[in-house]
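File shown: work_2.cif (mmCIF, C-alpha atoms).
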data_structure
loop_
_atom_site.label_atom_id
_atom_site.label_comp_id
_atom_site.auth_asym_id
_atom_site.auth_seq_id
_atom_site.Cartn_x
_atom_site.Cartn_y
_atom_site.Cartn_z
CA MET A 1 148.52 83.48 128.47
CA LYS A 2 145.90 86.11 129.13
CA ILE A 3 146.43 89.66 127.82
CA SER A 4 144.88 92.48 129.80
CA LYS A 5 142.55 94.97 128.09
CA PHE A 6 145.04 97.73 128.91
CA THR A 7 147.91 95.89 127.21
CA LEU A 8 145.75 95.14 124.16
CA ALA A 9 144.60 98.78 123.94
CA THR A 10 148.20 99.99 124.19
CA LEU A 11 149.28 97.68 121.36
CA VAL A 12 146.39 98.80 119.16
CA LEU A 13 147.16 102.50 119.76
CA ALA A 14 150.86 101.96 119.07
CA THR A 15 150.05 100.20 115.80
CA ILE A 16 147.60 102.92 114.73
CA SER A 17 150.11 105.65 115.54
CA LEU A 18 152.65 104.03 113.18
CA ALA A 19 150.18 103.60 110.31
CA PRO A 20 150.35 107.17 108.93
CA SER A 21 154.10 106.80 108.37
CA LEU A 22 153.64 103.56 106.44
CA HIS A 23 153.00 103.88 102.71
CA ALA A 24 153.87 102.00 99.59
CA ALA A 25 156.90 103.23 97.70
CA CYS A 26 156.39 104.15 94.05
CA THR A 27 158.31 102.51 91.21
CA LYS A 28 157.96 102.34 87.43
CA ALA A 29 155.68 99.36 88.04
CA THR A 30 153.32 101.76 89.84
CA MET A 31 153.02 103.84 86.66
CA LEU A 32 152.84 100.92 84.20
CA GLY A 33 149.71 100.99 82.07
CA ASN A 34 147.15 103.35 80.63
CA TRP A 35 146.17 106.66 82.18
CA GLY A 36 143.43 109.15 81.27
CA PHE A 37 144.06 112.82 82.00
CA THR A 38 142.57 116.30 82.06
CA GLY A 39 144.66 119.46 81.99
CA THR A 40 143.49 123.06 82.43
CA GLY A 41 144.94 126.51 82.90
CA VAL A 42 146.26 129.43 80.85
CA ILE A 43 149.19 130.18 78.60
CA ILE A 44 150.51 133.72 78.83
CA LEU A 45 150.99 135.48 75.52
CA PRO A 46 152.11 139.09 74.95
CA THR A 47 148.41 139.90 74.37
CA GLY A 48 147.37 138.34 77.70
CA ALA A 49 146.31 135.05 79.26
CA VAL A 50 144.65 132.49 76.97
CA PRO A 51 142.62 129.60 78.44
CA ILE A 52 143.69 126.07 77.59
CA ALA A 53 142.18 122.65 78.26
CA ALA A 54 143.17 119.14 77.22
CA VAL A 55 141.92 115.58 77.63
CA GLY A 56 143.72 112.45 76.57
CA THR A 57 145.38 109.17 77.34
CA VAL A 58 149.00 108.22 77.89
CA GLN A 59 150.71 104.87 78.36
CA PHE A 60 153.66 104.34 80.73
CA ASP A 61 156.09 101.45 80.20
CA LEU A 62 158.66 99.90 82.55
CA GLU A 63 161.62 101.47 80.69
CA GLY A 64 160.60 105.04 81.55
CA ASN A 65 158.83 105.89 78.28
CA ILE A 66 155.43 107.44 77.67
CA SER A 67 153.27 107.67 74.56
CA GLY A 68 149.74 108.81 73.90
CA GLY A 69 147.48 111.47 72.51
CA GLN A 70 145.30 114.37 73.49
CA ASP A 71 142.65 116.72 72.19
CA ARG A 72 143.28 120.26 73.34
CA SER A 73 141.65 123.64 73.04
CA VAL A 74 143.66 126.86 73.14
CA GLY A 75 141.43 129.92 73.24
CA GLY A 76 138.67 127.88 71.57
CA GLY A 77 140.77 126.37 68.78
CA GLU A 78 140.78 122.56 69.00
CA LEU A 79 143.57 120.28 67.77
CA HIS A 80 144.51 116.60 68.19
CA GLU A 81 148.13 115.99 69.26
CA THR A 82 150.37 113.00 69.91
CA ILE A 83 152.70 112.73 72.88
CA SER A 84 155.97 110.87 73.40
CA GLY A 85 158.62 111.21 76.04
CA THR A 86 160.15 109.89 79.21
CA TYR A 87 159.33 109.80 82.91
CA SER A 88 160.91 109.11 86.26
CA VAL A 89 159.25 108.30 89.55
CA SER A 90 160.96 108.25 92.94
CA GLY A 91 160.26 106.11 95.97
CA ASP A 92 158.40 109.00 97.63
CA CYS A 93 156.07 109.07 94.58
CA ALA A 94 157.42 112.31 93.04
CA LEU A 95 156.85 112.13 89.28
CA THR A 96 158.65 113.99 86.49
CA ILE A 97 157.61 113.81 82.82
CA SER A 98 159.44 115.22 79.82
CA ALA A 99 157.06 115.15 76.85
CA ASN A 100 157.33 116.11 73.21
CA VAL A 101 154.00 117.12 71.69
CA TYR A 102 153.36 116.79 67.94
CA ASP A 103 150.51 117.76 65.62
CA ASP A 104 148.93 115.13 63.36
CA SER A 105 151.51 115.77 60.61
CA GLY A 106 154.32 114.87 63.03
CA THR A 107 155.60 118.43 63.48
CA LEU A 108 156.93 119.17 66.97
CA GLN A 109 154.71 121.77 68.68
CA ARG A 110 156.42 122.01 72.07
CA THR A 111 158.41 120.21 74.73
CA THR A 112 156.94 120.15 78.21
CA ILE A 113 158.31 119.28 81.66
CA LEU A 114 155.71 118.30 84.25
CA LYS A 115 156.34 117.78 87.97
CA GLY A 116 153.91 116.11 90.32
CA VAL A 117 153.04 113.35 92.70
CA VAL A 118 151.42 109.92 92.48
CA VAL A 119 148.56 109.55 94.98
CA SER A 120 145.68 107.22 95.91
CA ASN A 121 147.85 104.11 96.09
CA GLY A 122 149.20 104.61 92.58
CA LYS A 123 145.85 105.24 90.93
CA GLN A 124 146.05 109.04 90.42
CA THR A 125 148.55 111.79 89.71
CA ARG A 126 148.46 115.54 90.37
CA MET A 127 150.85 117.58 88.25
CA ILE A 128 151.89 121.11 87.34
CA TYR A 129 153.63 122.21 84.17
CA GLN A 130 157.14 123.26 85.17
CA SER A 131 158.13 124.51 81.72
CA ILE A 132 156.98 124.65 78.12
CA ALA A 133 159.43 125.29 75.28
CA LEU A 134 158.51 125.96 71.66
CA PRO A 135 160.44 124.16 68.88
CA ASN A 136 162.80 127.15 68.55
CA GLY A 137 163.62 126.87 72.27
CA ALA A 138 161.61 129.93 73.31
CA PRO A 139 159.82 129.49 76.64
CA LEU A 140 156.03 129.70 76.75
CA PRO A 141 154.88 131.02 80.14
CA ALA A 142 151.91 129.12 81.52
CA VAL A 143 149.94 128.21 84.60
CA LEU A 144 148.65 124.69 83.91
CA THR A 145 147.74 121.66 86.00
CA LEU A 146 147.05 118.08 85.01
CA ASP A 147 145.18 115.33 86.85
CA ALA A 148 145.37 111.71 85.67
CA ASN A 149 143.66 108.46 86.63
CA LYS A 150 144.91 104.95 85.94
CA THR A 151 142.43 103.15 83.70
#
Rewrite the structure of this file - the entire thing - as structure tokens.
Amino acid sequence: MKISKFTLATLVLATISLAPSLHAACTKATMLGNWGFTGTGVIILPTGAVPIAAVGTVQFDLEGNISGGQDRSVGGGELHETISGTYSVSGDCALTISANVYDDSGTLQRTTILKGVVVSNGKQTRMIYQSIALPNGAPLPAVLTLDANKT
């Protein structure tokens, strides 16, 4: 059977037009493994905005847990911190992380909720800090973003 060039071109165009709507769904398996991240922005204190930056690594497991560490600078003061918490990821690749952050002595420093999206076929995330709460429950206003790459 011989297919005409017109029929072949129509099939190719139809296939290409469907491609943008096709994407892989995200699962916990997408997140599984080690990720390196960078976060930047400001926290807003009564005295004004204070710059903050952090770099670190976090590990995701298949049960929805995360653990890791970071080095962060707040207004020029550097500190190492450990991270533990939970995550969820939906089929449309929306990602939510709830993380507890501790200093090296194990004292809770804050609890953070991050919201974001998994991109680049599960190799990167783009996130924003939705909320930060101090150990006493007081909110800490902030404008912070976090980008992570699977290692």
Item to check | Test item: residues at most 9 Å from range 131-143 of chain A, all atoms listed in the file, excluding those fewer than 4 positions along its chain, as a ChimeraX atom specification | outcome: /A:40-45,49,108-114
Checklist entry - Is there a way to get, as a PyMOL selection string, all residues within 10 Å of the point (158.6, 113.1, 83.5) in file coordinates, counting only C-alpha atoms? => result chain A and resi 64-66+85-89+94-99+112-116
Item to check | Proximity to Ser73 in chain A - best of A:Val101, A:Ile128, A:Gly39, A:Val117, only C-alpha atoms | outcome: A:Gly39
Next on the checklist: Translate the PyMOL selection byres ((chain A and resi 31) around 9) into a concrete residue list for this structure, as a list of chain:residue names.
Outcome noted: A:Cys26, A:Thr27, A:Lys28, A:Ala29, A:Thr30, A:Leu32, A:Gly33, A:Asn34, A:Trp35, A:Gln59, A:Phe60, A:Asp61, A:Leu62, A:Val89, A:Val118, A:Gly122, A:Lys123, A:Lys150
Store the residues picked out above, limited to C-alpha atoms, as a compact mmCIF listing (two decimals), keeping the file's coordinate frame.
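Just written: again.txt:
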# COMPACT_ATOMS: atom_id res chain seq x y z
CA CYS A 26 156.39 104.15 94.05
CA THR A 27 158.31 102.51 91.21
CA LYS A 28 157.96 102.34 87.43
CA ALA A 29 155.68 99.36 88.04
CA THR A 30 153.32 101.76 89.84
CA LEU A 32 152.84 100.92 84.20
CA GLY A 33 149.71 100.99 82.07
CA ASN A 34 147.15 103.35 80.63
CA TRP A 35 146.17 106.66 82.18
CA GLN A 59 150.71 104.87 78.36
CA PHE A 60 153.66 104.34 80.73
CA ASP A 61 156.09 101.45 80.20
CA LEU A 62 158.66 99.90 82.55
CA VAL A 89 159.25 108.30 89.55
CA VAL A 118 151.42 109.92 92.48
CA GLY A 122 149.20 104.61 92.58
CA LYS A 123 145.85 105.24 90.93
CA LYS A 150 144.91 104.95 85.94
Next on the checklist: Please compute the CA of Asp147 in chain A-CA of Glu63 in chain A distance, one decimal, in Å.
Outcome noted: 22.4 Å
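Residue nearest Val55 in chain A within the list A:Gly69, A:Ile83, A:Asn149, A:Gly76: A:Gly69 [criterion: smallest interatomic distance, all atoms listed in the file].
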Item to check | Length of the CA of Ser120 in chain A to CA of Arg72 in chain A vector [Å] | outcome: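 These atoms are spaced 26.2 Å apart.
Going from CA of Val58 in chain A to CA of Cys93 in chain A covers 18.1 Å.
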